[in-house]
Structure formats: structure tokens, C-alpha cells
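So the structure is just underneath, and the comments pick up after that.
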Amino acid sequence: MPTEGHDLRHHGDAEVRDDGSALVDLAVNVRADTPPAWLRERIAGSLGSLAAYPDGRAARAAVAARHGLPTDRVLLTAGAAEAFVLLARALKVRRPVVVHPQFTEPEAALRDAGHTVDRVLLREEDGFRLDPRAVPEDADLVVIGNPTNPTSVLHPAGSIAELARPGRTLVVDEAFMDAVPGEREALAGRTDVPGLVVLRSLTKTWGLAGLRIGYVLAAPETVDHLERAQPLWPVSTPALAAAEACVSSQALAEAAHAAHRIAADRAHLVAGLAGFAPAGLRVVEPAEGPFVLVRLPGAAAVRRHLRDLGYAVRRGDTFPGLGEEWLRLAVRDRATVHGFLRALERALTPTAR
């Protein structure tokens, strides 16, 4: 659905479908070495219960305990994407505002539900960092990502909390927060910010995009509104098993370790990209997510050349606030990054000339 020049329904998986299925994937922001064997076993172990209707009570309680919240502040969803649809359909809002550049699905869901959506565009010259004063005072729904896809900017929790107002719903997409060491700047678990709704995804860190599991943390009355908009049994039994497993102490320790590894791999990628500064490549820094955003002259042609060389990267022009000169690169292990940097050098050669 193109909207004002941006295809809000384009996502990274489009780069690796069909003729892109054999490409090395730097386009999708799902951790590459997942799901781990122990998680696959837990999911497989749930298959014997498929004859019964899903019972989400244990998973809901586990998620609540993970964030130190009562269960009535938790809603399990079929991925964070379902939560955006529920918010768009269930909440009565007059002036929704989406802070861009960011994941486009929230705006697409709001538009599909009949809302007129205003945009606040963060600026490259400000490092795509949030200025709370830029958000209209009369906005009664504000959506922002943290860390933000695709910019990889981690906004201070205090700056985001400044957006809270009586009568305003403040939606913070924390789908990538568990990839940040220590989850610093997280708002999940906070109950002192009025109107706060935090969305979390378990598909990114654990490689469960095909299973669809995420959750909402919000005030009980908001959870109740969203739950009434859900179909019956919206989360499957295998997804519930995954949710319970992914918030266990073992999983949290593994995710924390992975976050530090991602940070080291990201630093390695950024250092390698610095060598292409003479070709005009610039990385948005500091990057804090499992991906980086780069600006590069002739990026569309470079992206096509990279595909010919066996690598898929995410185009940036579908994000409001960005254009054809932007690319998003997922963080991968060092061997993959080395191969990618060699391919990038080849792809840039005709551009440099």
C-alpha cells in the first residue's frame, strides 16, 4: 500500500523471497543462529497438546513475572504486528502521530483502520534523535520505536517518558530492546508513566518470525480493550510454549549474552564500513540495535549489484523520512561481515568511478 511515496507494507523479508532466497541475508533483523536447539525442543514438545484449545495463562504469568507486573497488565499477541492492528482498531483516538523514520506497520495499521495519521520526522542532522517538543501537544496516540528500526537509535527513556500526557496513549515499540546490553532505556515494567503501552517481540532475538509471538504491557483497562478486539485463541499452543520458554532465567541469560555479542559484531561491522567513507558512505551513529543504517550515494544501484554478488540488504526508501540513498544492514557474525565488505567493495567500484 504506497502512501505518500512510501510503501508501508514493504519489509525486509521481501529481499530474500523467491529469487532472493539463496542470498546471504543482511536484510532481515532476525538473529541468524536461532532458534536454539533447546527452544526448538520446547516448541516440539508442545505438539502433543494440539488437540486442546490454547491456554495462555501460564505464558501470560511467566511474561508478567519477567517484568515484575501483575498478569492483568499483559496481553499475549501473534507477534508485535498484531498488537499494532489491535491498537488501531480498539482505541478511540482523534489524532494519532507516528514518529519516523521507524517500523512502518503501526502507521499502515492505523490507516487501514480509517485513521488520518500525522508524522513527526526526525532529522538526519540531529542524528534521528527524539525531540519531545516536536510532537503535537494535541496528539492522543503517539508511536515510537526504541531502539528504532531502521535508524538503530536508542532514545533516552526520560525523553520518551516526556511524551506522556493525560488522555494520551504512548506506544513504545521495544521489539529490539533485548538486543541492547542491560536493556538500558527500557520502559517495559514501568507503571508510573501515564498511558504507556510497551510492545515486545520474541521473534527477533529468538528467530521465531514464523511462529508469531509477542506481547503488550499496559494498564489493565487498555489490555482489556485490546483483548476484546482479539479473536478467540489468538496465540497458538506452540507459540505459548515459546513465550514461556523465552522468559525463563536460562533464556534471559542467553539473550543477555547474545546482546553483548551483537554489540561486538556491530562494532566490527561499523569499523569495516568506515573504510568506505571516501566513497561517501556514512553510518548513523551511535548504533544500538542489531542493525545499522547507512547513507550512500547511488545506494539503489549498489543494492542491486550486491544482489548479483549474493548479498541482500534492506532498501531504506520505504521508510518515511528516508530516501533512495539509504540502506539498512543487519548485524551478522564476523565471517559473514568480511564476505559482505568484500562484496560491497566490488559493488562500489563502478559507483566510485
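For the C-alpha cells, the naming scheme is as follows: chains receive sequential letters (A, B, ...) according to their order of presentation, residues are indexed from 1 within each chain, and ligands are indexed from 1 in presentation order.
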Per DSSP on the backbone, filter range 106-264 of chain A down to the residues in helix (DSSP H, G or I) and report them as a PyMOL selection string. chain A and resi 106-112+124-126+132-134+157-161+177-179+181-183+203-206+220-229+237-246+249-264
Keeping C-alpha atoms, export the residues of the selection given above as a PDB file, in the first residue's frame.
```pdb
ATOM      1  CA  PRO A 106       1.991   0.940  13.007  1.00  0.00           C
ATOM      2  CA  GLU A 107       1.114   3.662  10.514  1.00  0.00           C
ATOM      3  CA  ALA A 108      -0.157   1.149   7.972  1.00  0.00           C
ATOM      4  CA  ALA A 109      -2.425  -0.427  10.599  1.00  0.00           C
ATOM      5  CA  LEU A 110      -3.770   2.959  11.672  1.00  0.00           C
ATOM      6  CA  ARG A 111      -4.504   3.958   8.079  1.00  0.00           C
ATOM      7  CA  ASP A 112      -6.184   0.620   7.382  1.00  0.00           C
ATOM      8  CA  GLU A 124      19.426  13.285   9.958  1.00  0.00           C
ATOM      9  CA  GLU A 125      21.281  16.393  11.130  1.00  0.00           C
ATOM     10  CA  ASP A 126      20.047  15.663  14.674  1.00  0.00           C
ATOM     11  CA  PRO A 132       9.762  15.577  22.568  1.00  0.00           C
ATOM     12  CA  ARG A 133       8.764  19.152  21.705  1.00  0.00           C
ATOM     13  CA  ALA A 134       8.324  18.134  18.055  1.00  0.00           C
ATOM     14  CA  ALA A 157      13.846   6.593  28.457  1.00  0.00           C
ATOM     15  CA  GLY A 158      13.401  10.008  30.055  1.00  0.00           C
ATOM     16  CA  SER A 159      12.922  11.686  26.674  1.00  0.00           C
ATOM     17  CA  ILE A 160      10.249   9.184  25.687  1.00  0.00           C
ATOM     18  CA  ALA A 161       8.524   9.476  29.066  1.00  0.00           C
ATOM     19  CA  MET A 177      15.290  -3.841  23.285  1.00  0.00           C
ATOM     20  CA  ASP A 178      16.520  -7.274  24.377  1.00  0.00           C
ATOM     21  CA  ALA A 179      19.370  -6.871  21.866  1.00  0.00           C
ATOM     22  CA  PRO A 181      23.046  -4.899  26.680  1.00  0.00           C
ATOM     23  CA  GLY A 182      21.313  -4.409  30.011  1.00  0.00           C
ATOM     24  CA  GLU A 183      18.153  -3.254  28.193  1.00  0.00           C
ATOM     25  CA  THR A 203      10.580 -13.217  17.086  1.00  0.00           C
ATOM     26  CA  LYS A 204      13.750 -11.125  16.640  1.00  0.00           C
ATOM     27  CA  THR A 205      16.149 -12.407  19.282  1.00  0.00           C
ATOM     28  CA  TRP A 206      14.868 -15.971  19.155  1.00  0.00           C
ATOM     29  CA  PRO A 220      -5.342  -3.217  32.808  1.00  0.00           C
ATOM     30  CA  GLU A 221      -8.088  -1.178  31.142  1.00  0.00           C
ATOM     31  CA  THR A 222      -6.012  -0.847  27.955  1.00  0.00           C
ATOM     32  CA  VAL A 223      -5.243  -4.563  27.977  1.00  0.00           C
ATOM     33  CA  ASP A 224      -8.953  -5.247  28.361  1.00  0.00           C
ATOM     34  CA  HIS A 225      -9.824  -3.054  25.347  1.00  0.00           C
ATOM     35  CA  LEU A 226      -7.213  -4.767  23.190  1.00  0.00           C
ATOM     36  CA  GLU A 227      -8.169  -8.259  24.338  1.00  0.00           C
ATOM     37  CA  ARG A 228     -11.806  -7.652  23.371  1.00  0.00           C
ATOM     38  CA  ALA A 229     -10.632  -6.859  19.833  1.00  0.00           C
ATOM     39  CA  THR A 237      -0.117 -23.601  21.698  1.00  0.00           C
ATOM     40  CA  PRO A 238       3.436 -23.808  20.213  1.00  0.00           C
ATOM     41  CA  ALA A 239       3.741 -20.015  20.402  1.00  0.00           C
ATOM     42  CA  LEU A 240       2.611 -20.048  24.025  1.00  0.00           C
ATOM     43  CA  ALA A 241       5.230 -22.675  24.808  1.00  0.00           C
ATOM     44  CA  ALA A 242       7.839 -20.482  23.152  1.00  0.00           C
ATOM     45  CA  ALA A 243       6.736 -17.420  25.113  1.00  0.00           C
ATOM     46  CA  GLU A 244       7.037 -19.234  28.412  1.00  0.00           C
ATOM     47  CA  ALA A 245      10.438 -20.634  27.463  1.00  0.00           C
ATOM     48  CA  CYS A 246      11.824 -17.298  26.209  1.00  0.00           C
ATOM     49  CA  SER A 249      16.016 -17.457  33.559  1.00  0.00           C
ATOM     50  CA  GLN A 250      18.028 -19.616  31.140  1.00  0.00           C
ATOM     51  CA  ALA A 251      16.663 -17.726  28.148  1.00  0.00           C
ATOM     52  CA  LEU A 252      17.197 -14.306  29.700  1.00  0.00           C
ATOM     53  CA  ALA A 253      20.826 -15.187  30.435  1.00  0.00           C
ATOM     54  CA  GLU A 254      21.321 -16.402  26.866  1.00  0.00           C
ATOM     55  CA  ALA A 255      19.687 -13.257  25.455  1.00  0.00           C
ATOM     56  CA  ALA A 256      21.938 -11.068  27.607  1.00  0.00           C
ATOM     57  CA  HIS A 257      24.994 -12.909  26.295  1.00  0.00           C
ATOM     58  CA  ALA A 258      23.720 -12.548  22.729  1.00  0.00           C
ATOM     59  CA  ALA A 259      23.210  -8.806  23.230  1.00  0.00           C
ATOM     60  CA  HIS A 260      26.885  -8.357  24.118  1.00  0.00           C
ATOM     61  CA  ARG A 261      27.930 -10.471  21.144  1.00  0.00           C
ATOM     62  CA  ILE A 262      25.702  -8.419  18.844  1.00  0.00           C
ATOM     63  CA  ALA A 263      27.262  -5.219  20.186  1.00  0.00           C
ATOM     64  CA  ALA A 264      30.752  -6.550  19.425  1.00  0.00           C
TER      65      ALA A 264
END
```
Please provide the set of residues having any atom within 6 Å of range 26-32 of chain A, restricted to only C-alpha atoms, with same-chain residues fewer than 6 positions apart removed, written as a short mmCIF file (atom, residue, chain, number, x, y, z; two decimals) with C-alpha atoms, in the first residue's frame.
```cif
data_model
loop_
_atom_site.label_atom_id
_atom_site.label_comp_id
_atom_site.auth_asym_id
_atom_site.auth_seq_id
_atom_site.Cartn_x
_atom_site.Cartn_y
_atom_site.Cartn_z
CA GLY A 12 13.00 -6.86 4.84
CA ASP A 13 11.73 -10.36 4.13
CA LYS A 204 13.75 -11.13 16.64
CA THR A 205 16.15 -12.41 19.28
CA GLY A 207 14.33 -16.41 15.42
CA ALA A 312 20.62 -8.97 0.34
CA VAL A 313 20.34 -5.65 2.20
CA ARG A 314 17.24 -3.65 3.13
CA LEU A 329 22.22 -3.67 7.23
CA ALA A 330 21.56 -6.41 9.77
#
```
Can you tell me which residues surround Ala139 in chain A at a distance of at most 9 Å, considering only C-alpha atoms, apart from same-chain residues fewer than 4 positions away, and format the answer as a ChimeraX atom specification? /A:93-97,118,135,168-169
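Using only C-alpha atoms, the residues found no farther than 8 Å from range 288-296 of chain A, other than those of its own chain fewer than 6 positions away, are Asn29, Pro147, Thr148, Asn149, Pro150, Thr151, Ser152, Val153, Leu154, Phe176, Met177, Ala179, Val180, Ile262, Ala263, Arg266, Val270, Ala279, Gly280, Leu281, Arg282, Glu325, Trp326, Leu327, Arg328, Leu329, Ala330 and Val331 of chain A.
Minimum atom-to-atom distances from A:Val63, A:Val337, A:Val247, A:Leu348 to Ala277 in chain A were compared using only C-alpha atoms, and the lowest value belongs to A:Leu348.
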Give me, as JSON, numbers by chain, all polymer residues having an atom no more than 6 Å from range 216-219 of chain A, counting only C-alpha atoms and skipping those fewer than 6 positions away in the same chain. {"A": [73, 74, 75, 197, 198, 199]}
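Between Pro166 in chain A and the candidates A:Gly195, A:Gly298, A:Pro70, A:Gly189, the tightest atom-to-atom separation, counting only C-alpha atoms, involves A:Gly195.
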